[in-house]
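Visitor: If you scroll down you'll find the structure; I have some questions about it.
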Amino acid sequence: MGLFPEPYNSVVCELLFLLAHWHGLAKLRMHTDETLEVLEGVTVRLGSQLRTFVNETCPAFATKELRREVESRRRRQVREGQSGITQTRGASATVVGDRRPKSLNLRTYKLHALGDYPVQIRMYGTTDSYSTQPVSP
């Protein structure tokens, strides 16, 4: 018994395992050349599995915006004057039928940057060894 019917369950379980494996490797406090090579390999497999998930698994499920996303979009439209909607304070603009289809977007910087982790760790060390906080004079 799985989370989803097959063949989707296998794809989701493999993706969850790779995400956890990648995260565990990326957050190691000490790396060797071997662990960085493993991280590079897992990163390649993760990218491939993410593309498989988006291309084969996601289309099988009708996913839509969350209610809070609809409410946020409506408030933004009202604020920017893009809609003929007039809204009184405290009234909810959420109508379930207005929820737009939503899919996983792989074209984000966060996912694009995953492949840079091994190189950055080689150059700067692990993420626990430095801070991005500005230095005070």
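Each chain of the structure tokens is named A, B, ... in the order shown, its residues numbered from 1; ligands are numbered from 1 in display order.
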Do a neighbour search on Thr63 in chain A at 8 Å with only C-alpha atoms, toss out local chain neighbours closer than 5 positions, and write the hits as an MDAnalysis selection string.

Guide: chainID A and resid 101:103

Visitor: Excluding same-chain residues fewer than 6 positions from Gly2 in chain A, what lies within 9 Å of it counting only C-alpha atoms, as a tab-separated table (two decimals) with all heavy atoms, in the first residue's frame?

Guide:
chain	number	residue	atom	x	y	z
A	9	ASN	N	3.21	6.11	-7.41
A	9	ASN	CA	3.78	5.91	-6.08
A	9	ASN	C	5.29	5.70	-6.14
A	9	ASN	O	6.03	6.26	-5.35
A	9	ASN	CB	3.10	4.73	-5.38
A	9	ASN	CG	3.48	4.67	-3.93
A	9	ASN	OD1	3.19	5.60	-3.18
A	9	ASN	ND2	4.13	3.60	-3.52
A	10	SER	N	5.75	4.90	-7.09
A	10	SER	CA	7.19	4.65	-7.22
A	10	SER	C	7.95	5.93	-7.54
A	10	SER	O	9.03	6.17	-6.98
A	10	SER	CB	7.46	3.61	-8.32
A	10	SER	OG	6.86	2.40	-7.98
A	13	CYS	N	7.92	8.16	-4.33
A	13	CYS	CA	8.82	7.62	-3.29
A	13	CYS	C	10.28	7.83	-3.67
A	13	CYS	O	11.10	8.20	-2.83
A	13	CYS	CB	8.52	6.15	-3.05
A	13	CYS	SG	6.99	5.89	-2.14

Visitor: Show which residues sit within 10 Å of range 109-116 of chain A, as a list of chain:residue names. Count only C-alpha atoms, and ignore same-chain residues fewer than 6 positions away.

Guide: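 The filter keeps A:Trp22, A:Ala26, A:Leu39, A:Glu40, A:Gly41, A:Val42, A:Thr43, A:Val44, A:Leu46, A:Gly47, A:Leu50.
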
Visitor: Quick one: of A:Leu28, A:Val12, A:Val70, A:Cys58, who's nearest to Arg100 in chain A, counting only C-alpha atoms?

Guide: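 Ranking A:Leu28, A:Val12, A:Val70, A:Cys58 by distance to Arg100 in chain A, first place goes to A:Val70.
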
Visitor: Report, in Å with one decimal, the straight-line distance from CA of Lys27 in chain A to CA of Thr126 in chain A.

Guide: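 Separating CA of Lys27 in chain A from CA of Thr126 in chain A is a distance of 7.5 Å.
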
Visitor: For Ser129 in chain A, which residue out of A:Met30, A:Val11, A:Leu3, A:Leu16 is the nearest one, using only C-alpha atoms?

Guide: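 Closest to Ser129 in chain A of all the choices is A:Met30.
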
Visitor: Ranking A:Asp98, A:Arg29, A:Leu18, A:Arg122 by minimum distance to Lys64 in chain A and counting only C-alpha atoms, which one comes first?

Guide: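 Looking at the shortest contact to Lys64 in chain A, the residue is A:Asp98.
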
Visitor: Nearest to Thr52 in chain A: which of A:Glu14, A:Glu34, A:Glu6, A:Glu71 is it, counting only C-alpha atoms?

Guide: A:Glu14
